[in-house]
>>> print(open('entry_25.txt').read())   # compact mmCIF, N, CA and C atoms
# COMPACT_ATOMS: atom_id res chain seq x y z
N MET L 1 83.09 76.18 77.38
CA MET L 1 84.38 75.56 77.69
C MET L 1 84.34 75.01 79.11
N PRO L 2 84.95 73.89 79.31
CA PRO L 2 84.95 73.28 80.64
C PRO L 2 85.69 74.14 81.67
N VAL L 3 85.17 74.13 82.89
CA VAL L 3 85.80 74.83 84.00
C VAL L 3 86.98 74.02 84.48
N VAL L 4 88.13 74.68 84.67
CA VAL L 4 89.32 73.97 85.15
C VAL L 4 89.66 74.31 86.59
N ASP L 5 89.10 75.41 87.11
CA ASP L 5 89.36 75.77 88.51
C ASP L 5 88.27 76.71 88.99
N GLN L 6 88.03 76.67 90.29
CA GLN L 6 87.02 77.51 90.92
C GLN L 6 87.62 78.15 92.16
N PHE L 7 87.02 79.27 92.55
CA PHE L 7 87.44 79.95 93.78
C PHE L 7 86.20 80.54 94.42
N ASP L 8 86.11 80.39 95.75
CA ASP L 8 85.05 81.09 96.46
C ASP L 8 85.55 81.55 97.81
N LEU L 9 85.03 82.68 98.21
CA LEU L 9 85.34 83.28 99.50
C LEU L 9 84.04 83.87 100.00
N LEU L 10 83.50 83.32 101.06
CA LEU L 10 82.22 83.78 101.59
C LEU L 10 82.39 84.17 103.05
N THR L 11 81.77 85.27 103.44
CA THR L 11 81.84 85.70 104.83
C THR L 11 80.57 85.25 105.55
N PRO L 12 80.62 85.17 106.88
CA PRO L 12 79.42 84.80 107.63
C PRO L 12 78.26 85.80 107.41
N GLU L 13 78.61 87.03 107.04
CA GLU L 13 77.60 88.06 106.81
C GLU L 13 76.91 87.95 105.44
N GLY L 14 77.38 87.03 104.61
CA GLY L 14 76.76 86.83 103.30
C GLY L 14 77.42 87.55 102.15
N TYR L 15 78.57 88.15 102.38
CA TYR L 15 79.33 88.80 101.31
C TYR L 15 80.33 87.80 100.75
N GLY L 16 80.83 88.07 99.54
CA GLY L 16 81.83 87.17 99.01
C GLY L 16 82.00 87.25 97.51
N ILE L 17 82.79 86.30 97.02
CA ILE L 17 83.10 86.20 95.60
C ILE L 17 83.12 84.73 95.22
N TYR L 18 82.65 84.46 94.01
CA TYR L 18 82.75 83.12 93.42
C TYR L 18 83.24 83.32 92.00
N GLY L 19 84.29 82.59 91.63
CA GLY L 19 84.82 82.70 90.28
C GLY L 19 85.22 81.36 89.71
N GLU L 20 85.24 81.32 88.39
CA GLU L 20 85.68 80.13 87.66
C GLU L 20 86.61 80.56 86.54
N VAL L 21 87.57 79.70 86.23
CA VAL L 21 88.39 79.91 85.04
C VAL L 21 88.19 78.68 84.16
N ASN L 22 87.96 78.93 82.86
CA ASN L 22 87.73 77.80 81.96
C ASN L 22 89.04 77.38 81.29
N ASP L 23 88.97 76.33 80.48
CA ASP L 23 90.19 75.81 79.86
C ASP L 23 90.77 76.75 78.80
N GLY L 24 90.05 77.81 78.46
CA GLY L 24 90.57 78.84 77.58
C GLY L 24 91.24 79.98 78.34
N GLY L 25 91.24 79.88 79.68
CA GLY L 25 91.88 80.90 80.51
C GLY L 25 90.99 82.08 80.86
N VAL L 26 89.69 81.99 80.54
CA VAL L 26 88.77 83.10 80.79
C VAL L 26 88.13 82.96 82.17
N VAL L 27 88.26 84.01 82.96
CA VAL L 27 87.67 84.06 84.30
C VAL L 27 86.30 84.72 84.22
N GLU L 28 85.34 84.12 84.91
CA GLU L 28 84.02 84.73 85.12
C GLU L 28 83.77 84.68 86.62
N PHE L 29 83.18 85.76 87.15
CA PHE L 29 82.95 85.78 88.59
C PHE L 29 81.75 86.64 88.95
N VAL L 30 81.25 86.40 90.16
CA VAL L 30 80.22 87.25 90.77
C VAL L 30 80.76 87.65 92.13
N ILE L 31 80.44 88.89 92.52
CA ILE L 31 80.95 89.41 93.77
C ILE L 31 79.87 90.21 94.46
N LEU L 32 79.81 90.08 95.76
CA LEU L 32 78.93 90.90 96.58
C LEU L 32 79.78 91.46 97.71
N ALA L 33 80.06 92.74 97.63
CA ALA L 33 80.85 93.42 98.67
C ALA L 33 80.14 94.73 98.97
N GLY L 34 80.90 95.76 99.21
CA GLY L 34 80.29 97.06 99.46
C GLY L 34 80.09 97.33 100.93
N GLU L 35 79.22 98.29 101.21
CA GLU L 35 78.98 98.72 102.58
C GLU L 35 78.54 97.55 103.45
N GLY L 36 79.20 97.38 104.56
CA GLY L 36 78.88 96.30 105.48
C GLY L 36 79.74 95.06 105.31
N SER L 37 80.46 94.95 104.21
CA SER L 37 81.30 93.79 103.98
C SER L 37 82.57 93.90 104.81
N PRO L 38 82.94 92.82 105.52
CA PRO L 38 84.17 92.85 106.30
C PRO L 38 85.43 92.75 105.43
N ILE L 39 85.26 92.40 104.16
CA ILE L 39 86.38 92.30 103.23
C ILE L 39 86.06 93.17 102.02
N ARG L 40 86.99 94.03 101.66
CA ARG L 40 86.79 94.89 100.50
C ARG L 40 86.72 94.06 99.21
N GLY L 41 85.94 94.54 98.26
CA GLY L 41 85.81 93.85 96.99
C GLY L 41 87.13 93.68 96.27
N ALA L 42 87.99 94.70 96.33
CA ALA L 42 89.30 94.61 95.67
C ALA L 42 90.13 93.49 96.26
N GLU L 43 90.05 93.30 97.57
CA GLU L 43 90.81 92.21 98.19
C GLU L 43 90.26 90.85 97.75
N MET L 44 88.93 90.74 97.68
CA MET L 44 88.33 89.49 97.21
C MET L 44 88.78 89.19 95.79
N PHE L 45 88.73 90.20 94.92
CA PHE L 45 89.13 90.04 93.53
C PHE L 45 90.60 89.61 93.45
N ASN L 46 91.46 90.27 94.20
CA ASN L 46 92.89 89.93 94.17
C ASN L 46 93.16 88.53 94.68
N ARG L 47 92.47 88.12 95.72
CA ARG L 47 92.65 86.74 96.22
C ARG L 47 92.24 85.73 95.15
N MET L 48 91.12 86.00 94.47
CA MET L 48 90.67 85.10 93.40
C MET L 48 91.71 85.03 92.29
N MET L 49 92.18 86.19 91.84
CA MET L 49 93.13 86.21 90.74
C MET L 49 94.46 85.58 91.15
N ASP L 50 94.89 85.78 92.39
CA ASP L 50 96.10 85.11 92.89
C ASP L 50 95.92 83.59 92.85
N HIS L 51 94.73 83.14 93.23
CA HIS L 51 94.44 81.70 93.21
C HIS L 51 94.54 81.14 91.80
N PHE L 52 93.97 81.84 90.82
CA PHE L 52 94.00 81.34 89.45
C PHE L 52 95.37 81.47 88.81
N GLY L 53 96.14 82.47 89.21
CA GLY L 53 97.50 82.64 88.71
C GLY L 53 97.58 82.68 87.19
N ALA L 54 98.57 81.98 86.65
CA ALA L 54 98.84 82.00 85.21
C ALA L 54 97.74 81.34 84.37
N LYS L 55 96.84 80.60 85.02
CA LYS L 55 95.73 79.98 84.28
C LYS L 55 94.81 81.05 83.70
N ALA L 56 94.78 82.23 84.34
CA ALA L 56 93.87 83.29 83.93
C ALA L 56 94.55 84.19 82.90
N THR L 57 93.99 84.22 81.69
CA THR L 57 94.53 85.07 80.63
C THR L 57 93.55 86.16 80.20
N ALA L 58 92.30 86.05 80.65
CA ALA L 58 91.28 87.04 80.30
C ALA L 58 90.18 87.01 81.36
N ILE L 59 89.43 88.11 81.41
CA ILE L 59 88.30 88.21 82.33
C ILE L 59 87.08 88.61 81.51
N HIS L 60 86.02 87.84 81.66
CA HIS L 60 84.76 88.17 80.99
C HIS L 60 83.87 88.89 82.00
N GLY L 61 83.61 90.16 81.73
CA GLY L 61 82.70 90.92 82.56
C GLY L 61 81.30 90.83 81.98
N SER L 62 80.39 90.30 82.75
CA SER L 62 79.00 90.16 82.34
C SER L 62 78.18 91.05 83.27
N TRP L 63 77.98 92.29 82.84
CA TRP L 63 77.37 93.30 83.70
C TRP L 63 75.90 93.44 83.40
N ARG L 64 75.08 93.33 84.44
CA ARG L 64 73.62 93.39 84.29
C ARG L 64 73.03 94.34 85.33
N LYS L 65 72.00 95.05 84.92
CA LYS L 65 71.23 95.89 85.83
C LYS L 65 69.92 95.15 86.06
N ASN L 66 69.64 94.78 87.31
CA ASN L 66 68.43 94.00 87.53
C ASN L 66 67.20 94.91 87.55
N PRO L 67 66.03 94.35 87.31
CA PRO L 67 64.81 95.15 87.21
C PRO L 67 64.45 95.92 88.49
N ASN L 68 64.97 95.47 89.63
CA ASN L 68 64.68 96.16 90.90
C ASN L 68 65.48 97.45 91.05
N GLY L 69 66.45 97.65 90.16
CA GLY L 69 67.26 98.86 90.23
C GLY L 69 68.36 98.81 91.27
N ASP L 70 68.67 97.61 91.78
CA ASP L 70 69.74 97.48 92.77
C ASP L 70 71.06 97.99 92.19
N LEU L 71 71.95 98.40 93.08
CA LEU L 71 73.26 98.87 92.65
C LEU L 71 74.00 97.78 91.88
N SER L 72 74.67 98.19 90.84
CA SER L 72 75.51 97.31 90.04
C SER L 72 76.73 98.14 89.66
N THR L 73 77.77 98.02 90.44
CA THR L 73 78.91 98.93 90.38
C THR L 73 79.42 99.20 88.97
N ASN L 74 79.65 98.17 88.18
CA ASN L 74 80.21 98.36 86.84
C ASN L 74 79.24 99.09 85.91
N ILE L 75 78.05 98.58 85.79
CA ILE L 75 77.10 99.17 84.84
C ILE L 75 76.64 100.55 85.32
N ASP L 76 76.56 100.75 86.63
CA ASP L 76 76.19 102.08 87.15
C ASP L 76 77.24 103.12 86.77
N LYS L 77 78.52 102.76 86.86
CA LYS L 77 79.59 103.69 86.48
C LYS L 77 79.52 103.99 84.99
N VAL L 78 79.33 102.97 84.18
CA VAL L 78 79.22 103.17 82.73
C VAL L 78 78.03 104.07 82.42
N ASN L 79 76.91 103.84 83.07
CA ASN L 79 75.72 104.68 82.83
C ASN L 79 75.96 106.12 83.26
N GLU L 80 76.63 106.31 84.38
CA GLU L 80 76.96 107.66 84.83
C GLU L 80 77.77 108.40 83.77
N LEU L 81 78.80 107.74 83.26
CA LEU L 81 79.69 108.37 82.28
C LEU L 81 79.03 108.57 80.92
N THR L 82 78.31 107.56 80.45
CA THR L 82 77.69 107.70 79.13
C THR L 82 76.56 108.73 79.15
N SER L 83 75.94 108.95 80.30
CA SER L 83 74.91 109.98 80.39
C SER L 83 75.52 111.38 80.24
N LEU L 84 76.84 111.47 80.47
CA LEU L 84 77.56 112.74 80.32
C LEU L 84 78.19 112.88 78.94
N GLY L 85 77.95 111.90 78.07
CA GLY L 85 78.47 111.97 76.71
C GLY L 85 79.74 111.19 76.45
N VAL L 86 80.26 110.49 77.46
CA VAL L 86 81.46 109.67 77.26
C VAL L 86 81.06 108.45 76.43
N PRO L 87 81.78 108.16 75.35
CA PRO L 87 81.45 106.98 74.54
C PRO L 87 81.57 105.69 75.37
N LEU L 88 80.71 104.74 75.08
CA LEU L 88 80.70 103.46 75.80
C LEU L 88 82.08 102.82 75.85
N GLU L 89 82.78 102.80 74.70
CA GLU L 89 84.08 102.14 74.62
C GLU L 89 85.10 102.79 75.56
N GLU L 90 84.93 104.06 75.88
CA GLU L 90 85.80 104.74 76.84
C GLU L 90 85.30 104.55 78.27
N ALA L 91 83.99 104.59 78.45
CA ALA L 91 83.40 104.49 79.79
C ALA L 91 83.72 103.16 80.46
N VAL L 92 83.74 102.06 79.68
CA VAL L 92 84.01 100.76 80.30
C VAL L 92 85.38 100.71 80.96
N HIS L 93 86.31 101.53 80.49
CA HIS L 93 87.66 101.56 81.06
C HIS L 93 87.68 102.07 82.49
N GLN L 94 86.62 102.76 82.91
CA GLN L 94 86.56 103.30 84.26
C GLN L 94 85.68 102.47 85.19
N ALA L 95 85.15 101.36 84.69
CA ALA L 95 84.34 100.47 85.51
C ALA L 95 85.23 99.72 86.50
N TRP L 96 84.64 99.33 87.61
CA TRP L 96 85.37 98.72 88.72
C TRP L 96 86.21 97.52 88.27
N THR L 97 85.60 96.57 87.58
CA THR L 97 86.33 95.36 87.19
C THR L 97 87.51 95.69 86.29
N VAL L 98 87.32 96.59 85.35
CA VAL L 98 88.40 96.94 84.42
C VAL L 98 89.54 97.63 85.18
N THR L 99 89.22 98.53 86.09
CA THR L 99 90.30 99.21 86.82
C THR L 99 91.08 98.23 87.67
N ARG L 100 90.41 97.25 88.25
CA ARG L 100 91.13 96.22 89.05
C ARG L 100 91.96 95.32 88.15
N ALA L 101 91.41 94.94 87.01
CA ALA L 101 92.13 94.07 86.08
C ALA L 101 93.37 94.76 85.53
N LYS L 102 93.27 96.05 85.23
CA LYS L 102 94.42 96.79 84.70
C LYS L 102 95.57 96.79 85.69
N LYS L 103 95.27 96.85 86.99
CA LYS L 103 96.31 96.81 88.02
C LYS L 103 97.05 95.47 88.03
N ARG L 104 96.45 94.47 87.41
CA ARG L 104 97.05 93.14 87.36
C ARG L 104 97.61 92.82 85.98
N GLY L 105 97.71 93.83 85.10
CA GLY L 105 98.34 93.64 83.80
C GLY L 105 97.41 93.34 82.65
N TYR L 106 96.11 93.38 82.88
CA TYR L 106 95.14 93.16 81.81
C TYR L 106 94.85 94.53 81.19
N SER L 107 95.23 94.70 79.94
CA SER L 107 95.17 96.05 79.37
C SER L 107 94.26 96.19 78.14
N THR L 108 93.88 95.10 77.52
CA THR L 108 93.03 95.17 76.33
C THR L 108 91.58 94.95 76.75
N VAL L 109 90.74 95.94 76.47
CA VAL L 109 89.34 95.90 76.89
C VAL L 109 88.45 96.07 75.67
N ASN L 110 87.56 95.12 75.45
CA ASN L 110 86.64 95.20 74.32
C ASN L 110 85.22 94.90 74.76
N VAL L 111 84.28 95.71 74.29
CA VAL L 111 82.86 95.41 74.47
C VAL L 111 82.56 94.28 73.50
N ILE L 112 81.92 93.23 73.98
CA ILE L 112 81.59 92.10 73.12
C ILE L 112 80.06 92.01 72.99
N GLY L 113 79.63 91.59 71.83
CA GLY L 113 78.20 91.51 71.58
C GLY L 113 77.59 92.90 71.47
N VAL L 114 76.29 92.95 71.56
CA VAL L 114 75.56 94.22 71.46
C VAL L 114 74.98 94.55 72.82
N PRO L 115 75.41 95.65 73.44
CA PRO L 115 74.85 96.03 74.74
C PRO L 115 73.36 96.32 74.62
N GLU L 116 72.64 96.11 75.71
CA GLU L 116 71.21 96.43 75.74
C GLU L 116 71.02 97.75 76.48
N GLY L 117 70.23 98.63 75.90
CA GLY L 117 69.98 99.92 76.49
C GLY L 117 70.56 101.02 75.64
N VAL L 118 70.56 102.20 76.21
CA VAL L 118 71.08 103.39 75.53
C VAL L 118 72.03 104.10 76.49
N PRO L 119 72.88 104.99 75.98
CA PRO L 119 73.79 105.71 76.86
C PRO L 119 73.06 106.31 78.07
N GLY L 120 73.60 106.03 79.24
CA GLY L 120 73.01 106.48 80.49
C GLY L 120 72.00 105.51 81.07
N SER L 121 71.58 104.53 80.29
CA SER L 121 70.55 103.57 80.75
C SER L 121 70.81 102.16 80.23
N TYR L 122 72.06 101.75 80.20
CA TYR L 122 72.34 100.37 79.78
C TYR L 122 71.86 99.40 80.85
N VAL L 123 71.39 98.24 80.41
CA VAL L 123 70.97 97.19 81.34
C VAL L 123 71.79 95.91 81.17
N LYS L 124 72.54 95.82 80.06
CA LYS L 124 73.36 94.62 79.80
C LYS L 124 74.57 95.04 78.97
N ILE L 125 75.75 94.73 79.52
CA ILE L 125 77.00 94.98 78.80
C ILE L 125 77.94 93.82 79.09
N ASP L 126 78.58 93.31 78.06
CA ASP L 126 79.60 92.28 78.23
C ASP L 126 80.93 92.83 77.72
N VAL L 127 81.98 92.59 78.50
CA VAL L 127 83.31 93.03 78.10
C VAL L 127 84.29 91.88 78.25
N LEU L 128 85.34 91.90 77.46
CA LEU L 128 86.43 90.96 77.58
C LEU L 128 87.68 91.76 77.85
N ILE L 129 88.35 91.42 78.95
CA ILE L 129 89.54 92.13 79.40
C ILE L 129 90.70 91.13 79.30
N GLU L 130 91.67 91.45 78.44
CA GLU L 130 92.76 90.50 78.17
C GLU L 130 94.12 91.12 78.48
N LYS L 131 95.09 90.23 78.67
CA LYS L 131 96.48 90.69 78.89
C LYS L 131 97.08 91.15 77.60
>>> encode(input="entry_25.txt", output="structure tokens")
Amino acid sequence: MPVVDQFDLLTPEGYGIYGEVNDGGVVEFVILAGEGSPIRGAEMFNRMMDHFGAKATAIHGSWRKNPNGDLSTNIDKVNELTSLGVPLEEAVHQAWTVTRAKKRGYSTVNVIGVPEGVPGSYVKIDVLIEK
């Protein structure tokens, strides 16, 4: 679907967020925050969502664990929980993006497609978070 709006916020230190909303109202974004970032990830996310406003009706979370093993906040949380026996469909509700989206009124969360990996060791998960 064609992109109808974009948002980016980059710091001189190399942290930031880039997001797009398509004509179907689905937001996709990448974010780099965490330790050392002068702006918290939640603030970046909120600024992006404020920018998109009513155009945004859903958020597509495309969570990947890279081969280097770098931190990946969403998938790492899901792996932590599923390694303890929490079902995937429940674990995604505690991931960073979902918890932030819920604070903004997005309450329906579905795993889409087939995740790659096994409980505790997922490397690819896609979710759709809708109002």
>>> axis_aligned_box(input="entry_25.txt", around="region 4-11 of chain L", padding_each_side="5 Å", output="JSON")
{"center_x": 85.1, "center_y": 79.8, "center_z": 95.1, "size_x": 19.1, "size_y": 21.7, "size_z": 30.9}
>>> closest_residue(input="entry_25.txt", among="L:Asp5, L:Gln94, L:Lys124, L:Gly19", to="Asn66 (chain L)", atoms="only N, CA and C atoms")
L:Lys124
>>> residues_near_point(input="entry_25.txt", point="(78.8, 105.2, 77.2)", cutoff="6 Å", atoms="only C-alpha atoms", output="list in words")
Val78, Thr82, Val86, Pro87, Leu88, Ala91 and Pro119 of chain L
>>> write_last_selection(input="entry_25.txt", atoms="N, CA and C atoms", output="compact mmCIF listing (two decimals), in the frame of the given file")
# COMPACT_ATOMS: atom_id res chain seq x y z
N VAL L 78 79.33 102.97 84.18
CA VAL L 78 79.22 103.17 82.73
C VAL L 78 78.03 104.07 82.42
N THR L 82 78.31 107.56 80.45
CA THR L 82 77.69 107.70 79.13
C THR L 82 76.56 108.73 79.15
N VAL L 86 80.26 110.49 77.46
CA VAL L 86 81.46 109.67 77.26
C VAL L 86 81.06 108.45 76.43
N PRO L 87 81.78 108.16 75.35
CA PRO L 87 81.45 106.98 74.54
C PRO L 87 81.57 105.69 75.37
N LEU L 88 80.71 104.74 75.08
CA LEU L 88 80.70 103.46 75.80
C LEU L 88 82.08 102.82 75.85
N ALA L 91 83.99 104.59 78.45
CA ALA L 91 83.40 104.49 79.79
C ALA L 91 83.72 103.16 80.46
N PRO L 119 72.88 104.99 75.98
CA PRO L 119 73.79 105.71 76.86
C PRO L 119 73.06 106.31 78.07
>>> select_by_dssp(input="entry_25.txt", residues="chain L", states="strand (DSSP E)", output="number ranges by chain")
L: 3-10, 16-22, 26-32, 58-64, 108-116, 124-130
>>> select_by_dssp(input="entry_25.txt", residues="chain L", states="helix (DSSP H, G or I)", output="number ranges by chain")
L: 41-55, 73-82, 88-94, 96-102
>>> atom_distance(input="entry_25.txt", atom1="atom N of Thr73 (chain L)", atom2="atom C of Lys131 (chain L)")
24.2 Å
>>> atom_distance(input="entry_25.txt", atom1="atom N of Leu84 (chain L)", atom2="atom C of Ser121 (chain L)")
11.1 Å
>>> residues_around(input="entry_25.txt", residues="Asp126 (chain L)", least_positions_apart="5", cutoff="9 Å", atoms="only C-alpha atoms", output="VMD selection string")
chain L and resid 60 to 64 110 to 115
>>> atom_distance(input="entry_25.txt", atom1="atom C of Tyr18 (chain L)", atom2="CA of Val30 (chain L)")
5.1 Å
>>> closest_residue(input="entry_25.txt", among="L:Gly117, L:Ser107, L:Phe45, L:Glu28", to="Ile75 (chain L)", atoms="only C-alpha atoms")
L:Gly117
>>> residues_around(input="entry_25.txt", residues="Gly105 (chain L)", least_positions_apart="3", cutoff="6 Å", atoms="all atoms listed in the file", output="PyMOL selection string")
chain L and resi 101-102+130-131
>>> residues_around(input="entry_25.txt", residues="Asn22 (chain L)", least_positions_apart="3", cutoff="6.5 Å", atoms="only N, CA and C atoms", output="PDB file with N, CA and C atoms, keeping the file's coordinate frame")
ATOM      1  N   MET L   1      83.090  76.180  77.380  1.00  0.00           N
ATOM      2  CA  MET L   1      84.380  75.560  77.690  1.00  0.00           C
ATOM      3  C   MET L   1      84.340  75.010  79.110  1.00  0.00           C
ATOM      4  N   PRO L   2      84.950  73.890  79.310  1.00  0.00           N
ATOM      5  CA  PRO L   2      84.950  73.280  80.640  1.00  0.00           C
ATOM      6  C   PRO L   2      85.690  74.140  81.670  1.00  0.00           C
ATOM      7  N   VAL L   3      85.170  74.130  82.890  1.00  0.00           N
ATOM      8  CA  VAL L   3      85.800  74.830  84.000  1.00  0.00           C
ATOM      9  C   VAL L   3      86.980  74.020  84.480  1.00  0.00           C
ATOM     10  N   VAL L   4      88.130  74.680  84.670  1.00  0.00           N
ATOM     11  CA  VAL L   4      89.320  73.970  85.150  1.00  0.00           C
ATOM     12  C   VAL L   4      89.660  74.310  86.590  1.00  0.00           C
ATOM     13  N   ASP L   5      89.100  75.410  87.110  1.00  0.00           N
ATOM     14  CA  ASP L   5      89.360  75.770  88.510  1.00  0.00           C
ATOM     15  C   ASP L   5      88.270  76.710  88.990  1.00  0.00           C
ATOM     16  N   GLY L  25      91.240  79.880  79.680  1.00  0.00           N
ATOM     17  CA  GLY L  25      91.880  80.900  80.510  1.00  0.00           C
ATOM     18  C   GLY L  25      90.990  82.080  80.860  1.00  0.00           C
ATOM     19  N   VAL L  26      89.690  81.990  80.540  1.00  0.00           N
ATOM     20  CA  VAL L  26      88.770  83.100  80.790  1.00  0.00           C
ATOM     21  C   VAL L  26      88.130  82.960  82.170  1.00  0.00           C
ATOM     22  N   VAL L  27      88.260  84.010  82.960  1.00  0.00           N
ATOM     23  CA  VAL L  27      87.670  84.060  84.300  1.00  0.00           C
ATOM     24  C   VAL L  27      86.300  84.720  84.220  1.00  0.00           C
ATOM     25  N   GLU L  28      85.340  84.120  84.910  1.00  0.00           N
ATOM     26  CA  GLU L  28      84.020  84.730  85.120  1.00  0.00           C
ATOM     27  C   GLU L  28      83.770  84.680  86.620  1.00  0.00           C
TER      28      GLU L  28
END
>>> residues_around(input="entry_25.txt", residues="Pro67 (chain L)", least_positions_apart="5", cutoff="12 Å", atoms="only C-alpha atoms", output="list of chain:residue names")
L:Ser72, L:Tyr122, L:Val123, L:Lys124
>>> write_last_selection(input="entry_25.txt", atoms="N, CA and C atoms", output="PDB file, in the frame of the given file")
ATOM      1  N   SER L  72      74.670  98.190  90.840  1.00  0.00           N
ATOM      2  CA  SER L  72      75.510  97.310  90.040  1.00  0.00           C
ATOM      3  C   SER L  72      76.730  98.140  89.660  1.00  0.00           C
ATOM      4  N   TYR L 122      72.060 101.750  80.200  1.00  0.00           N
ATOM      5  CA  TYR L 122      72.340 100.370  79.780  1.00  0.00           C
ATOM      6  C   TYR L 122      71.860  99.400  80.850  1.00  0.00           C
ATOM      7  N   VAL L 123      71.390  98.240  80.410  1.00  0.00           N
ATOM      8  CA  VAL L 123      70.970  97.190  81.340  1.00  0.00           C
ATOM      9  C   VAL L 123      71.790  95.910  81.170  1.00  0.00           C
ATOM     10  N   LYS L 124      72.540  95.820  80.060  1.00  0.00           N
ATOM     11  CA  LYS L 124      73.360  94.620  79.800  1.00  0.00           C
ATOM     12  C   LYS L 124      74.570  95.040  78.970  1.00  0.00           C
TER      13      LYS L 124
END
>>> closest_residue(input="entry_25.txt", among="L:Asp23, L:Glu89, L:Glu43, L:Asp76", to="Lys55 (chain L)", atoms="only N, CA and C atoms")
L:Asp23
>>> closest_residue(input="entry_25.txt", among="L:Leu71, L:Ser37, L:Ile125, L:Phe29", to="Gly14 (chain L)", atoms="only C-alpha atoms")
L:Ser37
>>> residues_around(input="entry_25.txt", residues="Leu10 (chain L)", least_positions_apart="2", cutoff="12 Å", atoms="only C-alpha atoms", output="ChimeraX atom specification")
/L:7-8,12-19,30-33,37-39,41,44,48
>>> decode(input="entry_25.txt", residues="region 15-26 of chain L", atoms="N, CA and C atoms", output="PDB file, in the first residue's frame")
ATOM      1  N   TYR L  15      20.576   8.170  17.657  1.00  0.00           N
ATOM      2  CA  TYR L  15      19.359   7.504  18.108  1.00  0.00           C
ATOM      3  C   TYR L  15      18.175   8.115  17.380  1.00  0.00           C
ATOM      4  N   GLY L  16      17.043   7.394  17.358  1.00  0.00           N
ATOM      5  CA  GLY L  16      15.882   7.989  16.734  1.00  0.00           C
ATOM      6  C   GLY L  16      14.822   6.989  16.335  1.00  0.00           C
ATOM      7  N   ILE L  17      13.847   7.516  15.595  1.00  0.00           N
ATOM      8  CA  ILE L  17      12.722   6.731  15.122  1.00  0.00           C
ATOM      9  C   ILE L  17      12.383   7.186  13.708  1.00  0.00           C
ATOM     10  N   TYR L  18      11.984   6.226  12.891  1.00  0.00           N
ATOM     11  CA  TYR L  18      11.465   6.517  11.551  1.00  0.00           C
ATOM     12  C   TYR L  18      10.208   5.678  11.395  1.00  0.00           C
ATOM     13  N   GLY L  19       9.121   6.319  10.988  1.00  0.00           N
ATOM     14  CA  GLY L  19       7.878   5.597  10.788  1.00  0.00           C
ATOM     15  C   GLY L  19       7.141   6.061   9.554  1.00  0.00           C
ATOM     16  N   GLU L  20       6.292   5.162   9.064  1.00  0.00           N
ATOM     17  CA  GLU L  20       5.434   5.455   7.917  1.00  0.00           C
ATOM     18  C   GLU L  20       4.033   4.958   8.225  1.00  0.00           C
ATOM     19  N   VAL L  21       3.042   5.650   7.689  1.00  0.00           N
ATOM     20  CA  VAL L  21       1.670   5.152   7.731  1.00  0.00           C
ATOM     21  C   VAL L  21       1.212   5.020   6.285  1.00  0.00           C
ATOM     22  N   ASN L  22       0.602   3.872   5.966  1.00  0.00           N
ATOM     23  CA  ASN L  22       0.162   3.665   4.589  1.00  0.00           C
ATOM     24  C   ASN L  22      -1.300   4.088   4.430  1.00  0.00           C
ATOM     25  N   ASP L  23      -1.809   3.984   3.209  1.00  0.00           N
ATOM     26  CA  ASP L  23      -3.176   4.449   2.957  1.00  0.00           C
ATOM     27  C   ASP L  23      -4.233   3.556   3.599  1.00  0.00           C
ATOM     28  N   GLY L  24      -3.828   2.431   4.161  1.00  0.00           N
ATOM     29  CA  GLY L  24      -4.731   1.578   4.932  1.00  0.00           C
ATOM     30  C   GLY L  24      -4.711   1.908   6.417  1.00  0.00           C
ATOM     31  N   GLY L  25      -3.886   2.903   6.805  1.00  0.00           N
ATOM     32  CA  GLY L  25      -3.810   3.322   8.198  1.00  0.00           C
ATOM     33  C   GLY L  25      -2.834   2.527   9.047  1.00  0.00           C
ATOM     34  N   VAL L  26      -2.023   1.673   8.414  1.00  0.00           N
ATOM     35  CA  VAL L  26      -1.091   0.825   9.161  1.00  0.00           C
ATOM     36  C   VAL L  26       0.264   1.523   9.305  1.00  0.00           C
TER      37      VAL L  26
END
